[in-house]
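Participant: Sharing coords-v2.txt here; it has compact mmCIF, N, CA and C atoms.
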# COMPACT_ATOMS: atom_id res chain seq x y z
N MET A 264 -81.57 31.83 105.89
CA MET A 264 -82.57 31.18 105.04
C MET A 264 -83.88 31.09 105.81
N SER A 265 -84.94 31.36 105.12
CA SER A 265 -86.27 31.39 105.73
C SER A 265 -86.94 30.01 105.66
N THR A 266 -87.58 29.63 106.76
CA THR A 266 -88.27 28.36 106.86
C THR A 266 -89.73 28.62 107.21
N ALA A 267 -90.63 27.76 106.74
CA ALA A 267 -92.07 27.92 107.01
C ALA A 267 -92.43 27.25 108.33
N TYR A 268 -93.10 28.00 109.19
CA TYR A 268 -93.55 27.50 110.49
C TYR A 268 -95.04 27.75 110.64
N ASP A 269 -95.62 27.03 111.58
CA ASP A 269 -97.03 27.18 111.93
C ASP A 269 -97.11 27.20 113.44
N ILE A 270 -97.76 28.22 114.00
CA ILE A 270 -97.94 28.29 115.45
C ILE A 270 -99.42 28.33 115.78
N LEU A 271 -99.80 27.53 116.75
CA LEU A 271 -101.15 27.56 117.30
C LEU A 271 -100.99 27.89 118.77
N PHE A 272 -101.68 28.95 119.21
CA PHE A 272 -101.61 29.28 120.63
C PHE A 272 -103.00 29.51 121.18
N ILE A 273 -103.13 29.28 122.50
CA ILE A 273 -104.41 29.38 123.18
C ILE A 273 -104.30 30.45 124.26
N ILE A 274 -105.24 31.39 124.23
CA ILE A 274 -105.26 32.51 125.17
C ILE A 274 -106.35 32.24 126.21
N LYS A 275 -106.09 32.64 127.44
CA LYS A 275 -107.06 32.47 128.52
C LYS A 275 -108.39 33.11 128.13
N PRO A 276 -109.51 32.45 128.41
CA PRO A 276 -110.82 32.96 127.98
C PRO A 276 -111.39 34.06 128.87
N ASN A 277 -110.87 34.25 130.05
CA ASN A 277 -111.49 35.15 131.01
C ASN A 277 -110.86 36.54 131.08
N ILE A 278 -110.09 36.93 130.09
CA ILE A 278 -109.38 38.20 130.17
C ILE A 278 -110.04 39.34 129.40
N GLY A 279 -111.08 39.06 128.65
CA GLY A 279 -111.77 40.10 127.90
C GLY A 279 -111.25 40.25 126.47
N LYS A 280 -112.12 40.78 125.61
CA LYS A 280 -111.80 40.90 124.18
C LYS A 280 -110.61 41.81 123.91
N GLU A 281 -110.51 42.91 124.67
CA GLU A 281 -109.41 43.85 124.43
C GLU A 281 -108.05 43.21 124.72
N LYS A 282 -107.95 42.47 125.83
CA LYS A 282 -106.69 41.80 126.17
C LYS A 282 -106.39 40.66 125.20
N ILE A 283 -107.43 39.99 124.71
CA ILE A 283 -107.22 38.93 123.72
C ILE A 283 -106.61 39.54 122.46
N GLN A 284 -107.19 40.65 121.98
CA GLN A 284 -106.68 41.31 120.78
C GLN A 284 -105.27 41.84 121.01
N GLU A 285 -105.01 42.34 122.21
CA GLU A 285 -103.67 42.84 122.55
C GLU A 285 -102.64 41.72 122.45
N ASN A 286 -102.99 40.53 122.94
CA ASN A 286 -102.08 39.39 122.87
C ASN A 286 -101.88 38.92 121.43
N CYS A 287 -102.92 38.98 120.61
CA CYS A 287 -102.79 38.61 119.19
C CYS A 287 -101.85 39.58 118.48
N GLU A 288 -102.02 40.87 118.74
CA GLU A 288 -101.15 41.88 118.13
C GLU A 288 -99.71 41.74 118.62
N LYS A 289 -99.55 41.39 119.88
CA LYS A 289 -98.22 41.18 120.45
C LYS A 289 -97.51 40.04 119.72
N MET A 290 -98.23 38.94 119.48
CA MET A 290 -97.63 37.79 118.78
C MET A 290 -97.23 38.18 117.36
N LYS A 291 -98.11 38.90 116.67
CA LYS A 291 -97.79 39.32 115.29
C LYS A 291 -96.57 40.24 115.28
N SER A 292 -96.46 41.13 116.26
CA SER A 292 -95.32 42.04 116.28
C SER A 292 -94.02 41.30 116.61
N TRP A 293 -94.08 40.27 117.48
CA TRP A 293 -92.87 39.48 117.76
C TRP A 293 -92.35 38.86 116.47
N ILE A 294 -93.27 38.40 115.63
CA ILE A 294 -92.85 37.75 114.38
C ILE A 294 -92.26 38.77 113.42
N THR A 295 -93.00 39.85 113.16
CA THR A 295 -92.55 40.81 112.14
C THR A 295 -91.35 41.63 112.58
N LYS A 296 -91.26 42.01 113.86
CA LYS A 296 -90.13 42.82 114.34
C LYS A 296 -88.83 42.05 114.39
N ASN A 297 -88.91 40.73 114.37
CA ASN A 297 -87.70 39.90 114.43
C ASN A 297 -87.39 39.24 113.10
N GLY A 298 -87.85 39.83 112.02
CA GLY A 298 -87.47 39.37 110.69
C GLY A 298 -88.37 38.32 110.07
N GLY A 299 -89.48 37.99 110.72
CA GLY A 299 -90.40 37.01 110.16
C GLY A 299 -91.43 37.64 109.24
N GLU A 300 -92.07 36.81 108.45
CA GLU A 300 -93.10 37.26 107.52
C GLU A 300 -94.36 36.42 107.76
N ILE A 301 -95.47 37.07 108.08
CA ILE A 301 -96.72 36.35 108.32
C ILE A 301 -97.35 36.00 106.99
N VAL A 302 -97.64 34.72 106.80
CA VAL A 302 -98.26 34.23 105.56
C VAL A 302 -99.78 34.22 105.73
N THR A 303 -100.27 33.57 106.77
CA THR A 303 -101.71 33.58 107.07
C THR A 303 -101.91 33.79 108.56
N TYR A 304 -103.01 34.46 108.87
CA TYR A 304 -103.37 34.74 110.26
C TYR A 304 -104.84 34.35 110.42
N ASN A 305 -105.12 33.49 111.37
CA ASN A 305 -106.49 33.00 111.54
C ASN A 305 -106.86 32.95 113.02
N GLU A 306 -107.80 33.81 113.42
CA GLU A 306 -108.33 33.75 114.77
C GLU A 306 -109.47 32.74 114.75
N ILE A 307 -109.22 31.58 115.28
CA ILE A 307 -110.22 30.51 115.28
C ILE A 307 -111.34 30.84 116.25
N GLY A 308 -110.99 31.47 117.37
CA GLY A 308 -112.00 31.90 118.33
C GLY A 308 -112.08 31.00 119.55
N MET A 309 -113.15 31.20 120.31
CA MET A 309 -113.35 30.47 121.56
C MET A 309 -113.78 29.04 121.26
N LYS A 310 -113.06 28.09 121.82
CA LYS A 310 -113.36 26.66 121.63
C LYS A 310 -113.24 25.94 122.97
N ASP A 311 -113.99 24.84 123.09
CA ASP A 311 -113.87 23.99 124.27
C ASP A 311 -112.56 23.22 124.18
N LEU A 312 -111.90 23.05 125.31
CA LEU A 312 -110.68 22.25 125.38
C LEU A 312 -111.06 20.78 125.52
N ALA A 313 -110.22 19.90 125.04
CA ALA A 313 -110.48 18.46 125.15
C ALA A 313 -110.48 18.01 126.61
N GLN A 314 -109.68 18.67 127.42
CA GLN A 314 -109.64 18.39 128.85
C GLN A 314 -109.33 19.69 129.58
N GLU A 315 -109.61 19.73 130.84
CA GLU A 315 -109.36 20.92 131.63
C GLU A 315 -107.85 21.17 131.74
N LEU A 316 -107.44 22.39 131.42
CA LEU A 316 -106.04 22.78 131.51
C LEU A 316 -105.94 24.04 132.36
N LYS A 317 -105.15 23.99 133.40
CA LYS A 317 -104.97 25.13 134.30
C LYS A 317 -106.30 25.73 134.74
N LYS A 318 -107.24 24.85 135.05
CA LYS A 318 -108.59 25.19 135.52
C LYS A 318 -109.46 25.87 134.47
N PHE A 319 -109.09 25.75 133.19
CA PHE A 319 -109.90 26.30 132.10
C PHE A 319 -110.50 25.16 131.29
N THR A 320 -111.73 25.34 130.85
CA THR A 320 -112.38 24.38 129.98
C THR A 320 -112.53 24.93 128.56
N GLN A 321 -112.23 26.21 128.37
CA GLN A 321 -112.28 26.85 127.06
C GLN A 321 -111.02 27.69 126.87
N GLY A 322 -110.76 28.02 125.61
CA GLY A 322 -109.64 28.90 125.29
C GLY A 322 -109.88 29.57 123.96
N TYR A 323 -109.20 30.69 123.73
CA TYR A 323 -109.31 31.43 122.47
C TYR A 323 -108.13 31.00 121.59
N TYR A 324 -108.43 30.32 120.50
CA TYR A 324 -107.42 29.74 119.62
C TYR A 324 -107.03 30.70 118.50
N VAL A 325 -105.72 30.78 118.24
CA VAL A 325 -105.20 31.59 117.14
C VAL A 325 -104.13 30.78 116.41
N ASN A 326 -104.16 30.82 115.08
CA ASN A 326 -103.20 30.10 114.25
C ASN A 326 -102.51 31.08 113.32
N ILE A 327 -101.18 31.02 113.26
CA ILE A 327 -100.41 31.88 112.36
C ILE A 327 -99.41 31.01 111.61
N GLU A 328 -99.40 31.16 110.29
CA GLU A 328 -98.36 30.55 109.46
C GLU A 328 -97.38 31.67 109.13
N PHE A 329 -96.09 31.40 109.30
CA PHE A 329 -95.10 32.44 109.05
C PHE A 329 -93.80 31.85 108.53
N ASN A 330 -93.02 32.70 107.88
CA ASN A 330 -91.70 32.34 107.39
C ASN A 330 -90.67 33.08 108.22
N ALA A 331 -89.64 32.37 108.68
CA ALA A 331 -88.61 32.99 109.50
C ALA A 331 -87.42 32.04 109.61
N ASP A 332 -86.34 32.56 110.21
CA ASP A 332 -85.23 31.66 110.51
C ASP A 332 -85.49 31.01 111.87
N ASN A 333 -84.70 30.00 112.20
CA ASN A 333 -84.98 29.21 113.40
C ASN A 333 -84.77 29.97 114.70
N THR A 334 -84.04 31.07 114.71
CA THR A 334 -83.85 31.83 115.94
C THR A 334 -85.14 32.51 116.39
N LEU A 335 -86.04 32.80 115.47
CA LEU A 335 -87.31 33.45 115.83
C LEU A 335 -88.16 32.54 116.69
N CYS A 336 -88.13 31.25 116.47
CA CYS A 336 -88.92 30.32 117.29
C CYS A 336 -88.49 30.39 118.75
N GLU A 337 -87.19 30.50 118.98
CA GLU A 337 -86.71 30.62 120.36
C GLU A 337 -87.14 31.95 120.98
N ILE A 338 -87.13 33.02 120.20
CA ILE A 338 -87.59 34.33 120.69
C ILE A 338 -89.06 34.25 121.08
N ILE A 339 -89.87 33.62 120.24
CA ILE A 339 -91.30 33.47 120.54
C ILE A 339 -91.49 32.64 121.80
N ASN A 340 -90.78 31.53 121.92
CA ASN A 340 -90.88 30.68 123.13
C ASN A 340 -90.52 31.46 124.39
N GLN A 341 -89.46 32.25 124.33
CA GLN A 341 -89.06 33.05 125.49
C GLN A 341 -90.14 34.07 125.86
N ASN A 342 -90.70 34.72 124.87
CA ASN A 342 -91.73 35.73 125.14
C ASN A 342 -93.01 35.11 125.68
N ILE A 343 -93.38 33.95 125.18
CA ILE A 343 -94.60 33.29 125.67
C ILE A 343 -94.43 32.85 127.12
N ARG A 344 -93.23 32.42 127.49
CA ARG A 344 -92.99 31.99 128.87
C ARG A 344 -93.27 33.09 129.89
N VAL A 345 -93.08 34.34 129.52
CA VAL A 345 -93.33 35.44 130.45
C VAL A 345 -94.68 36.12 130.23
N THR A 346 -95.46 35.60 129.30
CA THR A 346 -96.80 36.12 129.04
C THR A 346 -97.81 35.24 129.74
N GLU A 347 -98.49 35.78 130.72
CA GLU A 347 -99.42 34.99 131.52
C GLU A 347 -100.70 34.62 130.76
N ASP A 348 -101.10 35.41 129.78
CA ASP A 348 -102.39 35.21 129.12
C ASP A 348 -102.38 34.08 128.09
N ILE A 349 -101.23 33.74 127.55
CA ILE A 349 -101.12 32.61 126.60
C ILE A 349 -100.72 31.39 127.42
N PHE A 350 -101.63 30.40 127.50
CA PHE A 350 -101.32 29.29 128.39
C PHE A 350 -100.96 28.00 127.68
N ARG A 351 -101.07 27.93 126.38
CA ARG A 351 -100.58 26.79 125.60
C ARG A 351 -100.17 27.29 124.22
N HIS A 352 -99.13 26.67 123.66
CA HIS A 352 -98.74 26.98 122.29
C HIS A 352 -97.97 25.80 121.70
N LEU A 353 -97.96 25.76 120.39
CA LEU A 353 -97.21 24.72 119.67
C LEU A 353 -96.70 25.32 118.37
N ILE A 354 -95.40 25.22 118.14
CA ILE A 354 -94.79 25.67 116.90
C ILE A 354 -94.30 24.44 116.16
N VAL A 355 -94.72 24.30 114.91
CA VAL A 355 -94.28 23.17 114.09
C VAL A 355 -93.68 23.67 112.79
N LEU A 356 -92.76 22.90 112.28
CA LEU A 356 -92.16 23.16 110.98
C LEU A 356 -93.16 22.73 109.92
N LYS A 357 -93.51 23.61 108.99
CA LYS A 357 -94.53 23.28 107.98
C LYS A 357 -94.13 22.08 107.14
N ASP A 358 -92.85 21.89 106.89
CA ASP A 358 -92.40 20.74 106.09
C ASP A 358 -92.66 19.43 106.80
N SER A 359 -92.82 19.47 108.13
CA SER A 359 -93.03 18.23 108.88
C SER A 359 -94.50 17.80 108.88
N ILE A 360 -95.38 18.63 108.32
CA ILE A 360 -96.81 18.30 108.27
C ILE A 360 -97.10 17.65 106.93
N ASP A 361 -97.53 16.40 106.95
CA ASP A 361 -97.86 15.68 105.73
C ASP A 361 -99.35 15.81 105.49
N MET A 362 -99.74 16.64 104.52
CA MET A 362 -101.15 16.91 104.25
C MET A 362 -101.73 15.95 103.21
N LYS A 363 -100.95 15.01 102.72
CA LYS A 363 -101.44 14.07 101.72
C LYS A 363 -102.54 13.20 102.34
N GLY A 364 -103.66 13.13 101.69
CA GLY A 364 -104.76 12.31 102.18
C GLY A 364 -105.74 13.06 103.07
N PHE A 365 -105.43 14.33 103.39
CA PHE A 365 -106.33 15.12 104.22
C PHE A 365 -107.18 16.02 103.33
N GLU A 366 -108.42 16.17 103.71
CA GLU A 366 -109.32 17.06 102.98
C GLU A 366 -109.64 18.24 103.89
N LEU A 367 -109.37 19.45 103.40
CA LEU A 367 -109.65 20.64 104.19
C LEU A 367 -111.12 21.00 104.05
N LYS A 368 -111.74 21.27 105.19
CA LYS A 368 -113.15 21.65 105.22
C LYS A 368 -113.28 22.96 105.95
N GLU A 369 -114.19 23.81 105.50
CA GLU A 369 -114.45 25.07 106.20
C GLU A 369 -115.29 24.78 107.43
N VAL A 370 -114.88 25.36 108.53
CA VAL A 370 -115.57 25.16 109.80
C VAL A 370 -116.50 26.35 110.04
N SER A 371 -117.74 26.04 110.35
CA SER A 371 -118.68 27.12 110.65
C SER A 371 -118.58 27.47 112.12
N ARG A 372 -118.79 28.74 112.42
CA ARG A 372 -118.67 29.20 113.82
C ARG A 372 -120.01 29.32 114.45
Let me see the structure of the file written as structure tokens.
Facilitator:
Amino acid sequence: MSTAYDILFIIKPNIGKEKIQENCEKMKSWITKNGGEIVTYNEIGMKDLAQELKKFTQGYYVNIEFNADNTLCEIINQNIRVTEDIFRHLIVLKDSIDMKGFELKEVSR
């Protein structure tokens, strides 16, 4: 049975545009090659971090909403652990996000 998930990951800012795109494509292929379906893909771009993490003050943010079974989350976690360029990530179950009372606004870049 397929479940809706949302992943936000942050890529190191100092690796160049080509490596950033390579890591984005790698994440998409991990999802699709393991039986997942990408619903939305959003490259948020370079943003300042709230605090310094691993000596970085900025990171390249990417958000993907996808449908998959729960084994795919473990596959993604394992792959991210050996990927040096992705230094933070968070996977949440979409059902656990309560959007009631929130107003979505478009963010200008």
Participant: Return as a list of chain:residue names the full set of residues in region 318-351 of chain A whose backbone-based DSSP assignment is alpha helix (DSSP H).
Facilitator: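 Restricting region 318-351 of chain A to alpha helix (DSSP H) produces A:Asn333, A:Thr334, A:Leu335, A:Cys336, A:Glu337, A:Ile338, A:Ile339, A:Asn340, A:Gln341, A:Asn342, A:Ile343, A:Arg344.
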Participant: Expressed in Å to a single decimal, how great is the separation between CA of Tyr324 (chain A) and CA of Ser265 (chain A)?
Facilitator: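 For CA of Tyr324 (chain A) relative to CA of Ser265 (chain A), the distance reads 25.4 Å.
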Participant: Nearest to Gly308 (chain A) among A:Ile278, A:Ile338, A:Ile294, A:Ile283, with distances taken over only C-alpha atoms: which residue is it?
Facilitator: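 For Gly308 (chain A), the nearest of the given residues is A:Ile283.
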Participant: Name the residues in contact with Lys275 (chain A) at a cut-off of 7 Å, using all atoms listed in the file, excluding same-chain residues fewer than 4 positions from it; report them as a PyMOL selection string.
Facilitator: chain A and resi 279+321-323+347-351
Participant: Quick one: everything within 6 Å of Asn326 (chain A), counting only C-alpha atoms, minus sequence neighbours fewer than 6 positions away in the same chain. Send it as a PyMOL selection string.
Facilitator: chain A and resi 270-271+305
Participant: Using DSSP on the backbone coordinates, identify all residues within region 281-370 of chain A classified as strand (DSSP E or B); present the result as a VMD selection string.
Facilitator: chain A and resid 300 to 316 319 to 331 349 to 356
Participant: For a test of reading the model, state the distance in Å between CA of Val355 (chain A) and CA of Ala267 (chain A), rounded to one decimal.
Facilitator: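 A separation of 8.8 Å between them.
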Participant: May I have the centre and edge lengths, in Å to one decimal, of an axis-aligned box around the listed atoms of region 280-299 of chain A with 8 Å added to every side, as JSON?
Facilitator:
{"center_x": -99.8, "center_y": 40.4, "center_z": 117.7, "size_x": 40.7, "size_y": 22.8, "size_z": 32.9}
Participant: Hey, what's within 5 Å of Asp332 (chain A) if we count all atoms listed in the file and toss same-chain stuff fewer than 2 positions away? As a list of chain:residue names, please?
Facilitator: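 That gives A:Met264, A:Ser265, A:Thr266, A:Asn330, A:Thr334, A:Leu335.
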Participant: Quick check, in Å to one decimal: how far apart do atom C of Ile274 (chain A) and atom N of Gly299 (chain A) lie?
Facilitator: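 Separation of atom C of Ile274 (chain A) and atom N of Gly299 (chain A): 23.6 Å.
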Participant: Restricting the calculation to only C-alpha atoms: of A:Ile273, A:Leu353, A:Cys336, A:Ile343, which residue gets closest to Met309 (chain A)?
Facilitator: A:Ile273
Participant: Is it possible to dump region 319-349 of chain A as a PDB file, in the first residue's frame, including just N, CA and C atoms?
Facilitator:
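Output file decode.pdb follows:
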ATOM      1  N   PHE A 319      28.561  25.488   7.755  1.00  0.00           N
ATOM      2  CA  PHE A 319      27.854  26.143   6.654  1.00  0.00           C
ATOM      3  C   PHE A 319      26.815  27.105   7.215  1.00  0.00           C
ATOM      4  N   THR A 320      26.656  28.238   6.563  1.00  0.00           N
ATOM      5  CA  THR A 320      25.622  29.198   6.935  1.00  0.00           C
ATOM      6  C   THR A 320      24.505  29.241   5.895  1.00  0.00           C
ATOM      7  N   GLN A 321      24.705  28.563   4.760  1.00  0.00           N
ATOM      8  CA  GLN A 321      23.703  28.475   3.706  1.00  0.00           C
ATOM      9  C   GLN A 321      23.600  27.034   3.232  1.00  0.00           C
ATOM     10  N   GLY A 322      22.501  26.745   2.554  1.00  0.00           N
ATOM     11  CA  GLY A 322      22.311  25.430   1.962  1.00  0.00           C
ATOM     12  C   GLY A 322      21.330  25.518   0.818  1.00  0.00           C
ATOM     13  N   TYR A 323      21.376  24.535  -0.079  1.00  0.00           N
ATOM     14  CA  TYR A 323      20.464  24.470  -1.220  1.00  0.00           C
ATOM     15  C   TYR A 323      19.324  23.524  -0.835  1.00  0.00           C
ATOM     16  N   TYR A 324      18.125  24.077  -0.704  1.00  0.00           N
ATOM     17  CA  TYR A 324      16.962  23.335  -0.219  1.00  0.00           C
ATOM     18  C   TYR A 324      16.172  22.724  -1.377  1.00  0.00           C
ATOM     19  N   VAL A 325      15.751  21.472  -1.187  1.00  0.00           N
ATOM     20  CA  VAL A 325      14.909  20.778  -2.166  1.00  0.00           C
ATOM     21  C   VAL A 325      13.806  20.046  -1.413  1.00  0.00           C
ATOM     22  N   ASN A 326      12.581  20.132  -1.931  1.00  0.00           N
ATOM     23  CA  ASN A 326      11.423  19.481  -1.324  1.00  0.00           C
ATOM     24  C   ASN A 326      10.770  18.567  -2.352  1.00  0.00           C
ATOM     25  N   ILE A 327      10.491  17.327  -1.954  1.00  0.00           N
ATOM     26  CA  ILE A 327       9.813  16.372  -2.834  1.00  0.00           C
ATOM     27  C   ILE A 327       8.670  15.727  -2.058  1.00  0.00           C
ATOM     28  N   GLU A 328       7.488  15.737  -2.662  1.00  0.00           N
ATOM     29  CA  GLU A 328       6.354  14.979  -2.141  1.00  0.00           C
ATOM     30  C   GLU A 328       6.258  13.724  -2.988  1.00  0.00           C
ATOM     31  N   PHE A 329       6.131  12.571  -2.331  1.00  0.00           N
ATOM     32  CA  PHE A 329       6.084  11.321  -3.086  1.00  0.00           C
ATOM     33  C   PHE A 329       5.206  10.298  -2.395  1.00  0.00           C
ATOM     34  N   ASN A 330       4.761   9.322  -3.172  1.00  0.00           N
ATOM     35  CA  ASN A 330       3.984   8.201  -2.662  1.00  0.00           C
ATOM     36  C   ASN A 330       4.845   6.955  -2.753  1.00  0.00           C
ATOM     37  N   ALA A 331       4.881   6.177  -1.676  1.00  0.00           N
ATOM     38  CA  ALA A 331       5.688   4.961  -1.651  1.00  0.00           C
ATOM     39  C   ALA A 331       5.295   4.120  -0.442  1.00  0.00           C
ATOM     40  N   ASP A 332       5.855   2.906  -0.399  1.00  0.00           N
ATOM     41  CA  ASP A 332       5.665   2.119   0.816  1.00  0.00           C
ATOM     42  C   ASP A 332       6.762   2.491   1.815  1.00  0.00           C
ATOM     43  N   ASN A 333       6.612   2.041   3.051  1.00  0.00           N
ATOM     44  CA  ASN A 333       7.515   2.491   4.109  1.00  0.00           C
ATOM     45  C   ASN A 333       8.949   1.998   3.957  1.00  0.00           C
ATOM     46  N   THR A 334       9.201   0.964   3.175  1.00  0.00           N
ATOM     47  CA  THR A 334      10.573   0.482   2.987  1.00  0.00           C
ATOM     48  C   THR A 334      11.416   1.477   2.194  1.00  0.00           C
ATOM     49  N   LEU A 335      10.784   2.283   1.356  1.00  0.00           N
ATOM     50  CA  LEU A 335      11.528   3.272   0.563  1.00  0.00           C
ATOM     51  C   LEU A 335      12.174   4.325   1.452  1.00  0.00           C
ATOM     52  N   CYS A 336      11.535   4.704   2.537  1.00  0.00           N
ATOM     53  CA  CYS A 336      12.117   5.698   3.452  1.00  0.00           C
ATOM     54  C   CYS A 336      13.437   5.196   4.027  1.00  0.00           C
ATOM     55  N   GLU A 337      13.489   3.919   4.361  1.00  0.00           N
ATOM     56  CA  GLU A 337      14.737   3.353   4.882  1.00  0.00           C
ATOM     57  C   GLU A 337      15.818   3.319   3.797  1.00  0.00           C
ATOM     58  N   ILE A 338      15.438   3.022   2.570  1.00  0.00           N
ATOM     59  CA  ILE A 338      16.397   3.034   1.451  1.00  0.00           C
ATOM     60  C   ILE A 338      16.960   4.434   1.264  1.00  0.00           C
ATOM     61  N   ILE A 339      16.092   5.442   1.299  1.00  0.00           N
ATOM     62  CA  ILE A 339      16.542   6.834   1.154  1.00  0.00           C
ATOM     63  C   ILE A 339      17.480   7.208   2.300  1.00  0.00           C
ATOM     64  N   ASN A 340      17.119   6.864   3.525  1.00  0.00           N
ATOM     65  CA  ASN A 340      17.978   7.163   4.685  1.00  0.00           C
ATOM     66  C   ASN A 340      19.351   6.518   4.545  1.00  0.00           C
ATOM     67  N   GLN A 341      19.397   5.273   4.104  1.00  0.00           N
ATOM     68  CA  GLN A 341      20.677   4.588   3.917  1.00  0.00           C
ATOM     69  C   GLN A 341      21.523   5.276   2.848  1.00  0.00           C
ATOM     70  N   ASN A 342      20.903   5.662   1.753  1.00  0.00           N
ATOM     71  CA  ASN A 342      21.638   6.313   0.668  1.00  0.00           C
ATOM     72  C   ASN A 342      22.144   7.695   1.071  1.00  0.00           C
ATOM     73  N   ILE A 343      21.350   8.432   1.827  1.00  0.00           N
ATOM     74  CA  ILE A 343      21.777   9.769   2.257  1.00  0.00           C
ATOM     75  C   ILE A 343      22.958   9.669   3.221  1.00  0.00           C
ATOM     76  N   ARG A 344      22.976   8.643   4.059  1.00  0.00           N
ATOM     77  CA  ARG A 344      24.084   8.482   5.009  1.00  0.00           C
ATOM     78  C   ARG A 344      25.437   8.362   4.313  1.00  0.00           C
ATOM     79  N   VAL A 345      25.474   7.812   3.121  1.00  0.00           N
ATOM     80  CA  VAL A 345      26.745   7.656   2.402  1.00  0.00           C
ATOM     81  C   VAL A 345      26.965   8.746   1.352  1.00  0.00           C
ATOM     82  N   THR A 346      26.047   9.694   1.270  1.00  0.00           N
ATOM     83  CA  THR A 346      26.185  10.811   0.344  1.00  0.00           C
ATOM     84  C   THR A 346      26.712  12.013   1.112  1.00  0.00           C
ATOM     85  N   GLU A 347      27.902  12.449   0.794  1.00  0.00           N
ATOM     86  CA  GLU A 347      28.534  13.536   1.534  1.00  0.00           C
ATOM     87  C   GLU A 347      27.907  14.902   1.244  1.00  0.00           C
ATOM     88  N   ASP A 348      27.314  15.081   0.076  1.00  0.00           N
ATOM     89  CA  ASP A 348      26.829  16.403  -0.330  1.00  0.00           C
ATOM     90  C   ASP A 348      25.503  16.791   0.310  1.00  0.00           C
ATOM     91  N   ILE A 349      24.700  15.834   0.737  1.00  0.00           N
ATOM     92  CA  ILE A 349      23.436  16.123   1.428  1.00  0.00           C
ATOM     93  C   ILE A 349      23.731  16.076   2.919  1.00  0.00           C
TER      94      ILE A 349
END
